[in-house]
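File shown: entry.cif (mmCIF, C-alpha atoms).
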data_run
loop_
_atom_site.label_atom_id
_atom_site.label_comp_id
_atom_site.auth_asym_id
_atom_site.auth_seq_id
_atom_site.Cartn_x
_atom_site.Cartn_y
_atom_site.Cartn_z
CA MET A 171 -36.96 84.14 -98.29
CA ALA A 172 -35.48 87.34 -99.74
CA ALA A 173 -34.27 87.21 -103.34
CA PRO A 174 -30.50 87.42 -103.82
CA ALA A 175 -29.21 90.88 -104.65
CA PRO A 176 -27.69 91.43 -108.08
CA ALA A 177 -23.92 91.50 -108.33
CA ALA A 178 -22.34 94.92 -107.91
CA ALA A 179 -21.74 96.72 -111.19
CA PRO A 180 -18.29 97.92 -112.24
CA ALA A 181 -17.66 101.57 -111.41
CA GLY A 182 -19.62 103.86 -113.70
CA LYS A 183 -21.83 101.11 -115.10
CA GLY A 184 -25.45 100.21 -114.41
CA ILE A 185 -26.55 96.91 -112.87
CA LEU A 186 -27.22 93.80 -114.96
CA LEU A 187 -30.27 92.21 -113.32
CA LYS A 188 -31.33 88.79 -114.53
CA ALA A 189 -34.95 87.73 -114.10
CA ASP A 190 -34.23 85.03 -111.48
CA PRO A 191 -34.80 87.11 -108.30
CA ILE A 192 -37.95 88.64 -109.81
CA ALA A 193 -39.24 85.20 -110.83
CA ALA A 194 -38.49 83.83 -107.34
CA THR A 195 -41.02 86.27 -105.83
CA TYR A 196 -43.82 85.02 -108.08
CA ARG A 197 -42.74 81.38 -107.89
CA ASP A 198 -43.52 81.50 -104.16
CA GLU A 199 -46.91 83.09 -104.92
CA VAL A 200 -47.76 80.39 -107.50
CA LYS A 201 -46.72 77.65 -105.05
CA SER A 202 -49.01 79.16 -102.43
CA MET A 203 -51.92 79.31 -104.91
CA LEU A 204 -51.29 75.69 -105.95
CA ALA A 205 -51.32 74.59 -102.30
CA GLN A 206 -54.78 76.15 -101.92
CA ALA A 207 -56.17 74.77 -105.20
CA THR A 208 -58.93 72.17 -104.85
CA ALA A 209 -57.46 70.07 -107.69
CA LYS A 210 -54.22 69.84 -109.64
CA PRO A 211 -54.58 72.21 -112.65
CA LYS A 212 -54.04 70.81 -116.14
CA LEU A 213 -52.42 72.82 -118.94
CA VAL A 214 -52.42 71.67 -122.58
CA GLY A 215 -49.76 73.04 -124.91
CA ILE A 216 -50.40 72.79 -128.66
CA LEU A 217 -47.31 72.66 -130.89
CA SER A 218 -47.97 72.52 -134.63
CA THR A 219 -44.80 73.82 -136.31
CA SER A 220 -41.15 72.81 -136.68
CA SER A 221 -40.02 76.15 -135.22
CA GLU A 222 -37.03 75.68 -132.89
CA PRO A 223 -37.97 78.61 -130.60
CA SER A 224 -41.49 77.13 -130.20
CA LYS A 225 -40.02 73.70 -129.40
CA PHE A 226 -37.71 75.30 -126.85
CA TYR A 227 -40.58 77.21 -125.21
CA ALA A 228 -42.72 74.04 -125.08
CA GLU A 229 -39.92 72.18 -123.31
CA PHE A 230 -39.33 75.13 -120.97
CA THR A 231 -43.06 75.15 -120.11
CA ARG A 232 -42.98 71.41 -119.40
CA ARG A 233 -40.02 71.74 -117.01
CA GLN A 234 -41.59 74.65 -115.12
CA CYS A 235 -44.91 72.83 -114.77
CA GLU A 236 -43.27 69.64 -113.52
CA ASP A 237 -41.17 71.60 -111.03
CA LEU A 238 -44.25 73.32 -109.56
CA GLY A 239 -46.64 70.36 -109.68
CA VAL A 240 -48.86 71.42 -112.60
CA GLU A 241 -50.01 68.73 -115.03
CA PHE A 242 -48.74 69.57 -118.52
CA VAL A 243 -49.73 67.74 -121.71
CA LEU A 244 -48.04 68.63 -125.01
CA LYS A 245 -50.27 67.97 -128.03
CA LYS A 246 -48.28 67.87 -131.29
CA THR A 247 -49.91 68.35 -134.68
CA GLY A 248 -48.76 69.17 -138.20
CA ALA A 249 -45.02 69.52 -138.80
CA ALA A 250 -44.35 69.14 -135.07
CA LEU A 251 -45.83 65.63 -135.22
CA GLU A 252 -44.42 64.44 -138.54
CA PRO A 253 -41.99 66.23 -140.90
CA GLY A 254 -44.18 65.31 -143.88
CA LEU A 255 -47.20 67.22 -142.54
CA ALA A 256 -47.80 70.93 -143.21
CA GLU A 257 -46.94 73.65 -140.70
CA GLY A 258 -50.03 74.25 -138.54
CA GLU A 259 -51.97 71.28 -139.90
CA GLY A 260 -54.60 70.13 -137.39
CA VAL A 261 -54.03 72.98 -134.93
CA GLU A 262 -57.62 74.25 -134.95
CA ASP A 263 -59.02 70.75 -134.34
CA ALA A 264 -56.59 70.35 -131.41
CA ILE A 265 -57.78 73.65 -129.88
CA ILE A 266 -61.45 72.65 -130.20
CA GLU A 267 -60.73 69.25 -128.65
CA ALA A 268 -59.03 70.91 -125.65
CA ASN A 269 -61.89 73.43 -125.35
CA GLU A 270 -64.36 70.57 -125.02
CA ASP A 271 -62.28 68.51 -122.57
CA ASP A 272 -63.58 69.26 -119.05
CA SER A 273 -60.34 67.98 -117.51
CA VAL A 274 -58.36 70.81 -119.18
CA ASN A 275 -58.06 74.09 -117.26
CA GLY A 276 -55.80 76.01 -119.64
CA ILE A 277 -54.67 76.03 -123.27
CA MET A 278 -51.61 77.61 -124.80
CA VAL A 279 -50.79 77.54 -128.50
CA TYR A 280 -47.19 78.03 -129.61
CA PHE A 281 -47.26 80.94 -132.05
CA PRO A 282 -46.34 82.10 -134.67
CA ILE A 283 -47.90 79.55 -137.03
CA TYR A 284 -49.36 81.14 -140.17
CA GLY A 285 -48.87 84.87 -139.68
CA PRO A 286 -50.59 87.67 -137.74
CA GLN A 287 -54.06 87.53 -139.32
CA GLN A 288 -54.68 83.79 -139.24
CA ASP A 289 -52.95 83.43 -135.88
CA HIS A 290 -55.28 86.10 -134.49
CA TYR A 291 -58.23 84.00 -135.64
CA LEU A 292 -56.82 80.93 -133.85
CA GLN A 293 -56.39 82.99 -130.67
CA GLN A 294 -60.15 83.63 -130.73
CA VAL A 295 -60.89 79.91 -131.18
CA VAL A 296 -59.39 79.21 -127.73
CA SER A 297 -62.18 79.40 -125.13
CA PRO A 298 -61.78 82.51 -122.94
CA LEU A 299 -62.37 80.21 -119.94
CA LYS A 300 -59.12 78.40 -120.87
CA ASP A 301 -57.01 81.17 -122.42
CA VAL A 302 -53.89 81.28 -120.21
CA GLU A 303 -52.13 83.68 -122.59
CA GLY A 304 -54.89 86.30 -122.30
CA LEU A 305 -55.05 86.81 -126.07
CA HIS A 306 -58.82 86.44 -126.48
CA PHE A 307 -60.74 89.49 -127.65
CA LYS A 308 -62.73 89.72 -124.39
CA PHE A 309 -59.56 90.06 -122.31
CA HIS A 310 -58.05 92.57 -124.75
CA TYR A 311 -61.25 94.62 -124.65
CA ASN A 312 -61.08 94.75 -120.85
CA LEU A 313 -57.40 95.69 -120.92
CA TYR A 314 -57.83 98.51 -123.44
CA HIS A 315 -60.88 99.87 -121.59
CA ASN A 316 -59.17 99.60 -118.19
CA ILE A 317 -61.77 97.11 -116.94
CA ARG A 318 -59.95 95.20 -114.23
CA PHE A 319 -62.64 92.86 -112.91
CA LEU A 320 -65.27 90.67 -114.53
CA ASN A 321 -68.01 88.16 -113.84
CA PRO A 322 -66.79 84.77 -115.18
CA LYS A 323 -70.28 84.12 -116.62
CA SER A 324 -69.76 87.02 -119.05
CA LEU A 325 -66.99 85.10 -120.82
CA LEU A 326 -69.54 82.73 -122.33
CA GLU A 327 -71.89 85.47 -123.54
CA THR A 328 -72.05 85.75 -127.31
CA VAL A 329 -72.40 89.52 -127.63
CA THR A 330 -69.85 91.08 -129.97
CA VAL A 331 -68.83 93.80 -127.53
CA PRO A 332 -68.70 93.06 -123.79
CA SER A 333 -71.23 94.88 -121.66
CA GLY A 334 -70.21 98.22 -120.18
CA ARG A 335 -71.80 97.26 -116.86
CA THR A 336 -68.36 96.65 -115.35
CA THR A 337 -66.82 99.94 -114.29
CA SER A 338 -63.22 100.67 -115.19
CA THR A 339 -62.65 102.93 -112.21
CA ILE A 340 -63.04 100.48 -109.31
CA ASP A 341 -60.84 101.47 -106.37
CA GLY A 342 -58.57 98.94 -104.72
CA GLU A 343 -57.07 95.62 -105.73
CA VAL A 344 -59.81 93.39 -104.25
CA PRO A 345 -62.60 92.45 -106.68
CA PRO A 346 -66.15 93.33 -105.60
CA PRO A 347 -68.49 90.46 -104.66
CA GLY A 348 -69.22 88.15 -107.58
CA MET A 349 -66.29 89.50 -109.60
CA VAL A 350 -62.77 88.22 -110.29
CA LYS A 351 -59.66 89.82 -111.79
CA SER A 352 -59.60 89.84 -115.58
CA ILE A 353 -56.87 87.81 -117.29
CA ILE A 354 -53.99 89.94 -118.63
CA PRO A 355 -51.68 88.77 -121.47
CA CYS A 356 -48.80 87.02 -119.75
CA THR A 357 -45.81 88.76 -121.40
CA PRO A 358 -47.04 92.35 -120.85
CA LEU A 359 -48.03 91.37 -117.30
CA ALA A 360 -44.53 89.94 -116.69
CA ILE A 361 -42.99 93.24 -117.77
CA VAL A 362 -45.26 95.19 -115.41
CA LYS A 363 -44.27 92.85 -112.56
CA CYS A 364 -40.59 93.43 -113.37
CA LEU A 365 -41.17 97.19 -113.22
CA GLU A 366 -42.99 96.83 -109.88
CA TYR A 367 -40.00 94.88 -108.53
CA LEU A 368 -37.59 97.55 -109.79
CA GLY A 369 -39.52 100.31 -108.02
CA VAL A 370 -40.89 102.03 -111.12
CA TYR A 371 -44.38 101.67 -109.63
CA ASN A 372 -44.91 103.82 -106.52
CA ARG A 373 -47.01 101.88 -104.00
CA ILE A 374 -47.79 105.04 -102.05
CA LEU A 375 -49.95 106.20 -104.96
CA PRO A 376 -53.50 104.83 -105.41
CA TYR A 377 -54.03 101.48 -107.12
CA GLY A 378 -54.43 102.07 -110.85
CA ASP A 379 -52.19 105.16 -110.88
CA ARG A 380 -48.90 103.92 -109.45
CA ALA A 381 -46.85 104.59 -112.60
CA TYR A 382 -47.90 108.26 -112.59
CA GLY A 383 -44.95 110.57 -113.22
CA LYS A 384 -42.99 108.02 -115.28
CA THR A 385 -42.27 108.31 -119.00
CA ILE A 386 -41.87 104.95 -120.73
CA THR A 387 -41.02 103.99 -124.30
CA VAL A 388 -42.25 100.64 -125.65
CA ILE A 389 -40.66 99.61 -128.95
CA ASN A 390 -43.06 97.18 -130.73
CA ARG A 391 -46.81 97.62 -131.19
CA SER A 392 -47.93 94.03 -131.80
CA GLU A 393 -51.22 92.82 -130.33
CA VAL A 394 -49.31 90.16 -128.38
CA VAL A 395 -46.80 92.36 -126.52
CA GLY A 396 -46.33 96.00 -127.46
CA ARG A 397 -49.82 97.49 -127.68
CA PRO A 398 -51.24 95.69 -124.61
CA LEU A 399 -48.15 96.70 -122.63
CA ALA A 400 -48.45 100.36 -123.64
CA ALA A 401 -52.13 100.29 -122.62
CA LEU A 402 -51.38 98.62 -119.28
CA LEU A 403 -48.67 101.11 -118.37
CA SER A 404 -50.69 104.17 -119.42
CA ASN A 405 -53.79 102.88 -117.61
CA ASP A 406 -51.53 102.72 -114.55
CA GLY A 407 -50.71 106.43 -114.97
CA ALA A 408 -47.51 106.46 -117.07
CA ARG A 409 -46.93 108.59 -120.12
CA VAL A 410 -46.09 106.00 -122.78
CA PHE A 411 -44.51 106.36 -126.21
CA SER A 412 -45.49 103.41 -128.41
CA VAL A 413 -42.94 102.95 -131.21
CA ASP A 414 -43.54 100.87 -134.31
CA ILE A 415 -41.92 100.56 -137.71
CA ASP A 416 -43.73 103.54 -139.25
CA SER A 417 -45.01 105.71 -136.41
CA ILE A 418 -44.82 106.81 -132.78
CA GLN A 419 -47.97 107.22 -130.69
CA GLU A 420 -48.48 108.61 -127.19
CA TYR A 421 -50.67 106.71 -124.70
CA ASN A 422 -51.73 108.78 -121.70
CA LYS A 423 -54.55 109.04 -119.15
CA ARG A 424 -53.62 112.71 -118.77
CA PRO A 425 -53.16 113.84 -122.38
CA ARG A 426 -51.75 117.30 -122.97
CA ILE A 427 -54.36 119.19 -125.01
CA ALA A 428 -53.65 122.61 -126.52
CA THR A 429 -56.60 125.03 -126.23
CA THR A 430 -56.92 128.41 -127.91
CA THR A 431 -58.89 131.26 -126.30
CA ALA A 432 -59.53 134.89 -127.27
CA ALA A 433 -57.45 137.39 -125.32
CA ALA A 434 -59.48 139.23 -122.70
CA ALA A 435 -57.31 142.37 -122.73
CA ALA A 436 -58.39 145.38 -124.84
CA ASP A 437 -56.15 147.81 -126.72
CA SER A 438 -55.26 150.62 -124.29
CA GLY A 439 -55.76 153.35 -126.86
CA THR A 440 -59.09 152.42 -128.46
CA GLY A 441 -60.68 150.22 -125.84
CA GLU A 442 -61.42 147.66 -128.54
CA SER A 443 -60.44 143.99 -128.44
CA THR A 444 -57.04 143.31 -130.00
CA GLY A 445 -58.30 140.08 -131.57
CA GLU A 446 -55.30 138.21 -130.23
CA THR A 447 -55.58 134.59 -129.07
CA LYS A 448 -53.82 132.67 -126.35
CA THR A 449 -52.77 129.05 -126.59
CA SER A 450 -52.42 127.03 -123.41
CA VAL A 451 -51.74 123.37 -122.73
CA GLN A 452 -54.12 121.64 -120.32
CA GLN A 453 -54.28 118.13 -118.92
CA ARG A 454 -57.52 116.29 -118.23
CA TYR A 455 -57.73 112.97 -116.40
CA HIS A 456 -59.43 110.08 -118.23
CA PRO A 457 -60.54 106.74 -116.71
CA ARG A 458 -58.51 104.96 -119.42
CA HIS A 459 -55.69 105.84 -121.75
CA VAL A 460 -56.12 108.09 -124.77
CA VAL A 461 -54.01 107.56 -127.90
CA HIS A 462 -52.59 110.50 -129.86
CA PRO A 463 -50.13 110.67 -132.76
CA CYS A 464 -46.68 111.81 -131.69
CA HIS A 465 -44.43 113.95 -133.88
CA LEU A 466 -41.24 113.42 -131.88
CA SER A 467 -38.44 111.24 -133.25
CA LEU A 468 -37.26 108.04 -131.56
CA GLN A 469 -34.15 109.86 -130.39
CA GLU A 470 -36.29 112.58 -128.80
CA VAL A 471 -38.62 110.18 -126.94
CA LEU A 472 -35.72 108.06 -125.68
CA ALA A 473 -33.99 111.14 -124.31
CA GLN A 474 -36.89 111.74 -121.91
CA SER A 475 -37.81 108.12 -121.07
CA ASP A 476 -37.28 106.79 -117.55
CA VAL A 477 -37.88 103.24 -118.84
CA VAL A 478 -37.27 101.67 -122.27
CA VAL A 479 -38.80 98.30 -123.19
CA SER A 480 -37.85 96.75 -126.53
CA ALA A 481 -39.50 93.67 -128.06
CA VAL A 482 -38.42 93.76 -131.71
CA PRO A 483 -38.09 90.24 -133.21
CA SER A 484 -34.91 91.04 -135.14
CA ALA A 485 -31.25 90.27 -134.43
CA SER A 486 -30.17 93.38 -136.33
CA TYR A 487 -32.34 95.89 -134.44
CA LYS A 488 -30.47 97.82 -131.73
CA VAL A 489 -31.50 100.73 -129.51
CA LYS A 490 -28.69 103.28 -129.63
CA THR A 491 -27.09 103.69 -126.21
CA GLU A 492 -26.15 107.32 -126.94
CA TRP A 493 -29.88 108.17 -127.29
CA LEU A 494 -30.83 106.85 -123.84
CA LYS A 495 -31.56 109.08 -120.87
CA ASP A 496 -28.87 108.87 -118.16
CA GLY A 497 -30.01 106.52 -115.37
CA CYS A 498 -32.92 104.97 -117.26
CA ILE A 499 -34.09 101.36 -116.86
CA CYS A 500 -33.93 99.08 -119.92
CA LEU A 501 -35.76 95.77 -120.43
CA ASN A 502 -35.12 93.46 -123.37
CA VAL A 503 -38.16 91.31 -124.18
CA ALA A 504 -37.19 90.00 -127.62
CA ALA A 505 -35.48 86.64 -128.17
CA ASP A 506 -32.63 88.68 -129.71
CA LYS A 507 -30.83 91.39 -127.79
CA ASN A 508 -32.30 94.75 -128.86
CA PHE A 509 -29.82 96.87 -126.90
CA GLU A 510 -26.17 97.59 -127.68
CA LYS A 511 -23.45 95.95 -125.59
CA ASP A 512 -22.63 99.23 -123.83
CA VAL A 513 -26.26 99.82 -122.71
CA ARG A 514 -25.18 99.93 -119.05
CA ASP A 515 -23.01 102.97 -119.76
CA LYS A 516 -26.30 104.91 -119.70
CA ALA A 517 -28.86 102.58 -118.07
CA SER A 518 -28.86 102.28 -114.28
CA LEU A 519 -30.56 98.85 -114.56
CA TYR A 520 -30.65 96.45 -117.50
CA VAL A 521 -32.86 93.34 -117.55
CA PRO A 522 -31.78 91.18 -120.55
CA ALA A 523 -34.75 88.75 -120.57
CA VAL A 524 -38.12 88.26 -118.84
CA GLY A 525 -39.06 84.71 -119.92
CA LYS A 526 -38.75 83.23 -116.42
CA VAL A 527 -41.27 85.76 -115.13
CA THR A 528 -43.57 85.28 -118.15
CA ILE A 529 -44.03 81.55 -117.52
CA LEU A 530 -45.04 82.26 -113.92
CA MET A 531 -47.60 84.83 -115.07
CA LEU A 532 -48.95 82.15 -117.42
CA LEU A 533 -49.31 79.69 -114.52
CA ARG A 534 -50.89 82.43 -112.40
CA ASN A 535 -53.43 82.90 -115.19
CA LEU A 536 -53.99 79.13 -115.27
CA LEU A 537 -54.92 79.14 -111.59
CA ARG A 538 -57.24 82.13 -112.11
CA LEU A 539 -58.97 80.30 -114.96
CA GLN A 540 -59.39 77.24 -112.74
CA GLN A 541 -61.17 79.57 -110.30
CA TYR A 542 -63.36 80.94 -113.14
CA GLN A 543 -64.33 77.39 -114.13
CA ARG A 544 -65.20 76.46 -110.56
CA ILE A 545 -67.45 79.52 -110.22
CA GLN A 546 -69.06 78.66 -113.54
CA GLU A 547 -69.76 75.07 -112.41
CA GLU A 548 -71.21 76.21 -109.07
CA SER A 549 -73.59 78.61 -110.81
CA ASN A 550 -74.99 75.92 -113.18
#
Please, can you express the file's structure as structure tokens?
Amino acid sequence: MAAPAPAAAPAGKGILLKADPIAATYRDEVKSMLAQATAKPKLVGILSTSSEPSKFYAEFTRRQCEDLGVEFVLKKTGAALEPGLAEGEGVEDAIIEANEDDSVNGIMVYFPIYGPQQDHYLQQVVSPLKDVEGLHFKFHYNLYHNIRFLNPKSLLETVTVPSGRTTSTIDGEVPPPGMVKSIIPCTPLAIVKCLEYLGVYNRILPYGDRAYGKTITVINRSEVVGRPLAALLSNDGARVFSVDIDSIQEYNKRPRIATTTAAAAADSGTGESTGETKTSVQQRYHPRHVVHPCHLSLQEVLAQSDVVVSAVPSASYKVKTEWLKDGCICLNVAADKNFEKDVRDKASLYVPAVGKVTILMLLRNLLRLQQYQRIQEESN
């Protein structure tokens, strides 16, 4: 069934598009995958803090799972279990217990808990065979190196760096024999799916290059959302400006490189070389994105961006509407609204939240992991 069209915008304003019609597309896909699953998948959520947003997300996950027929078990530890216990107490033991439980297909931990460094450690404790959020190092390595398919057996290998045997330039969306699609972090993947729905991706172009020709700014460079998203978009062909608190970087598969060459022409009077040099800008295609420092200001990159994605966890941070390119597309990913109220005076489309799409990407990952585990069992 076709998704309902967004309400018409007032004259001169862009369209406010909520995530519901986008989510409906992937809800049908998840339902179809569940109908074909050999067993009901089981997801364990681990809540170890008193954080209200984490509690809300845990409850939201439970409702979505129940609605779609996925078994969801919420394991509470630490301050989430008893107010007298410390924040995060017992979380690592809960992860290990879920890793070792053969009835569990997926694990999600409600972050933040301790802070970026210790939380990153906990993300690596989750088995990659059960990591529905796609935060494990092996999945990030694949994402950053534009490796789209993997052999599930490789997830249990103990090498520090995954083998380069898997090419990053495979054509087409169908994995080769013995391979499956690599898990992608669910929030960046949800944003990509929103952009596909909005027509930013051109399906006429080859798979892996469908965002070619688009300039996109991503505000936030965390390892959970911003950096993986910038890599995904640039690996799909876009020119991406990655904005963080203290710098702007450019991610691009076709970086613009200035080259200097000696002038071939000679002085007409003496016949000798003039010694002059020429500087030209060339582009060279790479199989994965290249990162360069960018010396433009935020105002300058926004002025040329077809799409702006902001994921800054701050109620006070706002993207200035006057800096936006006329007709751009804006997506707010943060819990707080990062765009000014008049954003639609410049933006042709504004998506205020993507959470309903994110949860479906998480369940999609759960079903992929169930497939990984089945392949693993069959090979033993």
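Nearest residue to A:Val274, choosing from A:Val394, A:Ile374, A:Val240, A:Ile529 and counting only C-alpha atoms: A:Val240.
Here the question is which of A:Arg544, A:Glu393, A:Ala209, A:Cys235 gets nearest to A:Asp289 using all atoms listed in the file, and that residue is A:Glu393.
For the residues A:Ala481, A:Ala517, A:Met531, A:Val261, ranking by smallest atom-to-atom distance to A:Lys495 using all atoms listed in the file places A:Ala517 first.
The gap separating atom CA of A:Val395 from atom CA of A:Gln294 is 16.5 Å, in Å to one decimal.
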Within 12 Å of file point (-47.8, 110.3, -112.8), counting only C-alpha atoms, expressed as number ranges by chain: A: 370-372, 374-376, 378-386, 403-410, 422-425, 453, 455
Answer as a PyMOL selection string, residues within 12 Å of (-50.3, 96.3, -123.9) using only C-alpha atoms: chain A and resi 304-305+309-316+354-362+388-406+410-412+421+459+479+481
Residue IDs satisfying the PyMOL selection byres ((chain A and resi 418) around 9), as a ChimeraX atom specification: /A:411-417,419-420,463-468
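Picture a line from atom CA of A:Lys246 to atom CA of A:Leu533; it runs 20.5 Å.
Taken over the shown file, the PyMOL selection byres ((chain A and resi 302) around 9) identifies Leu213, Asn275, Gly276, Ile277, Met278, Pro298, Leu299, Lys300, Asp301, Glu303, Gly304, Leu305, Ile353, Ile354, Pro355, Cys356, Met531, Leu532, Leu533, Arg534, Asn535, Leu536, Leu537, Arg538 and Leu539 of chain A.
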Atomic distance atom CA of A:Glu327 - atom CA of A:Ile265, expressed in Å with one decimal: 19.5 Å
Residue nearest A:Leu365 - candidates A:Val521, A:Val214, A:Tyr542, A:Glu492, atoms counted: only C-alpha atoms: A:Val521
Explicit residue set for the PyMOL selection byres ((chain A and resi 217) around 8), as a PyMOL selection string: chain A and resi 215-216+218-219+224-225+228+244-247+250+261+279-280
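Distances from A:Ser220, A:Ser352, A:Gln546, A:Asn269 to A:Ala256 were compared using only C-alpha atoms, and the smallest one belongs to A:Ser220.
Compared by their closest atoms to A:Cys498, and using all atoms listed in the file, the residues A:Phe281, A:Tyr227, A:Phe319, A:Tyr520 rank with A:Tyr520 nearest.
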Spatial neighbours of A:Ala485, max dist 10 Å, all atoms listed in the file, sep filter under 5 positions, as a VMD selection string: chain A and resid 504 to 508
